[in-house]
Amino acid sequence: MLHLYRRNCRPNTLRAYSGAIQLFLTFLRHTGKVHLEALTRWDLEAFLEHEQDRGLKATSVKSHLGLVKALVRFLVDREVVRAEVLARNITIKLPELLPRAMDPEDVKQLLAVGAKVRNRAMVLLLLRTGMRIGELLNATISDLNLVERKILIYQAEKTQVGRVVYFSDDAREALLAWLAERDPHKQRLFYGRGRDSLGYTAARVMFLKYLIKAGLSQKGHSLHSLRHTFASELLNAGMRLECLQQLLGHAKLEVTRRYARLTDKTREDEYFRAMAIIERGEISGHYRRDRELPAVSQEAQPLGAHG
């Protein structure tokens, strides 16, 4: 921060820089990274995914990444961090920021791959629950309810349940296989070698190897794509957006809208279903014409929030 102060940066710039750096350092601590000297490109990309998953605006994520990269460049100049961390630029395309859902064929190809028992259970849980990556990595064995096929996700320091997510039959089978061989003395549901928790970067590397084995490494998929796939598949299967919002843990319905994408086939089916009702003359009542349309308040509830 001192080098920015000496450059006479504006107070707002200093506050933005300080806030972004605090977010980054907090993220690194949660992933188990203690020393900045050990920083890698994986950590920057993992931080980018983490910020995307918070549902921030595209411009905010881009701003945070830019400020963090400025810090890394400063550390490279001071020979604290290796130069190869920034050897290839990490960019964000706006406004299409959020990762796209995986195509159904890609999902089938991914699940057909023979993988380690732990890794398969992790991938299937992310795909079938819509959990955030950090939520899965922080889950403990006591959060799991195999009978009711659900996982409790807590807020803050495990003092209050934030929400409940559910998992499918195939995810349950994968979980049972993992539970049969995991160390029963470990608190975390998933853990790494020699530690009680699995780091974000290690999970990300695991998934990349998974993609390579499935022949999908050039498709642009990431662990975060599994959450989008979960949302899009449920939406196209007919789940109401309000219900999906609760499963994903979004505070705003608009974020859920950006997560879940309707397929062309779903839109087509919905159109012809609705048009068939119209053609059969099954719509009753009269359209009321108001003398003056009410102004739309910016504080109004998003569309669909009342249904």
# chains A, B, ... in the order shown; residues from 1 in each chain; ligands from 1

$ select_by_dssp --residues "region 116-254 of chain A" --states "strand (DSSP E or B)" --output "list of chain:residue names"
A:Thr140, A:Leu144, A:Asn145, A:Lys150, A:Ile151, A:Leu152, A:Ile153, A:Tyr154, A:Gln155, A:Gln160, A:Val161, A:Gly162, A:Arg163, A:Val164, A:Val165, A:Tyr166, A:Arg188

$ residues_around --residues "Lys265 (chain A)" --least-positions-apart "5" --cutoff "10 Å" --atoms "only C-alpha atoms" --output "ChimeraX atom specification"
/A:236,270-271

$ atom_distance --atom1 "CA of His224 (chain A)" --atom2 "CA of Phe74 (chain A)"
29.0 Å

$ select_by_dssp --residues "region 19-255 of chain A" --states "alpha helix (DSSP H)" --output "PyMOL selection string"
chain A and resi 19-30+41-53+58-77+104-111+117-129+133-138+169-181+200-214+223-236+241-248+253-255

$ write_last_selection --atoms "C-alpha atoms" --output "compact mmCIF listing (two decimals), in the first residue's frame"
# COMPACT_ATOMS: atom_id res chain seq x y z
CA GLY A 19 -10.34 -4.25 -0.09
CA ALA A 20 -9.33 -6.44 -3.04
CA ILE A 21 -6.05 -7.43 -1.40
CA GLN A 22 -7.81 -8.35 1.84
CA LEU A 23 -10.23 -10.54 -0.12
CA PHE A 24 -7.33 -12.24 -1.88
CA LEU A 25 -5.29 -12.83 1.28
CA THR A 26 -8.34 -14.18 3.11
CA PHE A 27 -9.01 -16.52 0.21
CA LEU A 28 -5.40 -17.76 0.27
CA ARG A 29 -5.60 -18.46 4.01
CA HIS A 30 -8.75 -20.49 3.52
CA ARG A 41 -0.93 -19.14 -11.32
CA TRP A 42 -3.40 -21.75 -10.03
CA ASP A 43 -4.06 -19.53 -7.01
CA LEU A 44 -4.95 -16.54 -9.19
CA GLU A 45 -7.29 -18.60 -11.35
CA ALA A 46 -8.86 -20.19 -8.27
CA PHE A 47 -9.43 -16.71 -6.80
CA LEU A 48 -11.10 -15.65 -10.05
CA GLU A 49 -13.51 -18.59 -9.87
CA HIS A 50 -14.17 -17.85 -6.20
CA GLU A 51 -15.09 -14.23 -6.98
CA GLN A 52 -17.31 -15.32 -9.87
CA ASP A 53 -19.14 -17.69 -7.55
CA ALA A 58 -18.68 -8.72 -14.00
CA THR A 59 -17.03 -5.32 -13.64
CA SER A 60 -16.41 -5.92 -9.92
CA VAL A 61 -14.73 -9.27 -10.54
CA LYS A 62 -12.59 -7.76 -13.27
CA SER A 63 -11.61 -4.91 -10.97
CA HIS A 64 -10.66 -7.27 -8.12
CA LEU A 65 -8.56 -9.42 -10.44
CA GLY A 66 -6.80 -6.37 -11.87
CA LEU A 67 -5.89 -5.07 -8.42
CA VAL A 68 -4.63 -8.48 -7.30
CA LYS A 69 -2.52 -8.78 -10.44
CA ALA A 70 -1.05 -5.36 -9.66
CA LEU A 71 -0.03 -6.70 -6.25
CA VAL A 72 1.53 -9.80 -7.84
CA ARG A 73 3.46 -7.66 -10.34
CA PHE A 74 4.78 -5.62 -7.41
CA LEU A 75 5.86 -8.83 -5.64
CA VAL A 76 7.50 -10.12 -8.83
CA ASP A 77 9.48 -6.87 -9.12
CA PRO A 104 -25.20 -33.09 -21.67
CA GLU A 105 -22.83 -35.11 -23.84
CA ASP A 106 -19.84 -33.61 -22.04
CA VAL A 107 -21.39 -34.56 -18.70
CA LYS A 108 -21.87 -38.15 -19.87
CA GLN A 109 -18.30 -38.25 -21.12
CA LEU A 110 -17.01 -36.89 -17.82
CA LEU A 111 -18.94 -39.38 -15.69
CA VAL A 117 -13.21 -42.96 -5.58
CA ARG A 118 -12.79 -39.68 -3.71
CA ASN A 119 -12.60 -37.59 -6.87
CA ARG A 120 -15.69 -39.16 -8.42
CA ALA A 121 -17.66 -38.52 -5.22
CA MET A 122 -16.57 -34.88 -5.20
CA VAL A 123 -17.48 -34.28 -8.84
CA LEU A 124 -20.87 -35.95 -8.51
CA LEU A 125 -21.72 -34.02 -5.36
CA LEU A 126 -20.88 -30.69 -7.01
CA LEU A 127 -22.89 -31.69 -10.06
CA ARG A 128 -25.94 -32.98 -8.17
CA THR A 129 -26.11 -30.54 -5.23
CA ILE A 133 -16.58 -25.44 -4.16
CA GLY A 134 -15.68 -23.89 -0.81
CA GLU A 135 -18.86 -25.29 0.74
CA LEU A 136 -17.96 -28.82 -0.34
CA LEU A 137 -14.37 -28.51 0.87
CA ASN A 138 -15.57 -27.22 4.26
CA ASP A 169 -28.92 -41.70 -6.25
CA ASP A 170 -25.72 -41.74 -8.32
CA ALA A 171 -24.11 -39.21 -5.96
CA ARG A 172 -25.15 -41.35 -2.98
CA GLU A 173 -23.54 -44.44 -4.53
CA ALA A 174 -20.32 -42.50 -5.12
CA LEU A 175 -20.43 -41.23 -1.54
CA LEU A 176 -20.92 -44.71 -0.11
CA ALA A 177 -17.90 -45.94 -2.06
CA TRP A 178 -15.82 -43.07 -0.68
CA LEU A 179 -17.05 -43.55 2.90
CA ALA A 180 -16.04 -47.20 2.72
CA GLU A 181 -12.38 -46.28 2.24
CA TYR A 200 -9.12 -25.16 -3.36
CA THR A 201 -6.13 -25.31 -5.69
CA ALA A 202 -5.65 -29.05 -5.12
CA ALA A 203 -9.32 -29.64 -5.95
CA ARG A 204 -8.96 -27.54 -9.08
CA VAL A 205 -5.90 -29.51 -10.24
CA MET A 206 -7.80 -32.74 -9.56
CA PHE A 207 -10.65 -31.64 -11.82
CA LEU A 208 -8.29 -30.56 -14.60
CA LYS A 209 -6.78 -34.07 -14.61
CA TYR A 210 -10.32 -35.43 -14.70
CA LEU A 211 -11.09 -33.28 -17.76
CA ILE A 212 -7.89 -34.33 -19.52
CA LYS A 213 -8.72 -37.99 -18.96
CA ALA A 214 -12.20 -37.41 -20.40
CA LEU A 223 -15.14 -26.98 -11.19
CA HIS A 224 -17.39 -23.94 -11.10
CA SER A 225 -19.04 -25.12 -14.33
CA LEU A 226 -20.58 -28.01 -12.40
CA ARG A 227 -22.67 -25.58 -10.34
CA HIS A 228 -23.93 -23.91 -13.50
CA THR A 229 -24.69 -27.29 -15.03
CA PHE A 230 -26.70 -28.24 -11.93
CA ALA A 231 -28.73 -25.02 -12.18
CA SER A 232 -29.33 -25.23 -15.92
CA GLU A 233 -30.33 -28.90 -15.86
CA LEU A 234 -32.89 -28.36 -13.08
CA LEU A 235 -34.33 -25.29 -14.79
CA ASN A 236 -34.73 -27.16 -18.06
CA LEU A 241 -36.65 -20.39 -10.39
CA GLU A 242 -37.56 -19.51 -6.79
CA CYS A 243 -36.87 -23.07 -5.64
CA LEU A 244 -33.62 -23.17 -7.58
CA GLN A 245 -32.59 -19.90 -5.95
CA GLN A 246 -32.88 -21.48 -2.49
CA LEU A 247 -30.90 -24.56 -3.49
CA LEU A 248 -28.11 -22.40 -4.88
CA LEU A 253 -33.22 -14.04 -7.94
CA GLU A 254 -31.40 -12.13 -10.67
CA VAL A 255 -28.18 -14.00 -9.88

$ closest_residue --among "A:Leu56, A:Ala38, A:Met275, A:Ile141" --to "His185 (chain A)" --atoms "only C-alpha atoms"
A:Ile141

$ atom_distance --atom1 "CA of Ala139 (chain A)" --atom2 "CA of Glu37 (chain A)"
28.7 Å

$ atom_distance --atom1 "CA of Lys219 (chain A)" --atom2 "CA of Gly114 (chain A)"
19.4 Å

$ closest_residue --among "A:Arg280, A:Ser217, A:Leu36, A:Ala16" --to "Glu79 (chain A)" --atoms "only C-alpha atoms"
A:Leu36
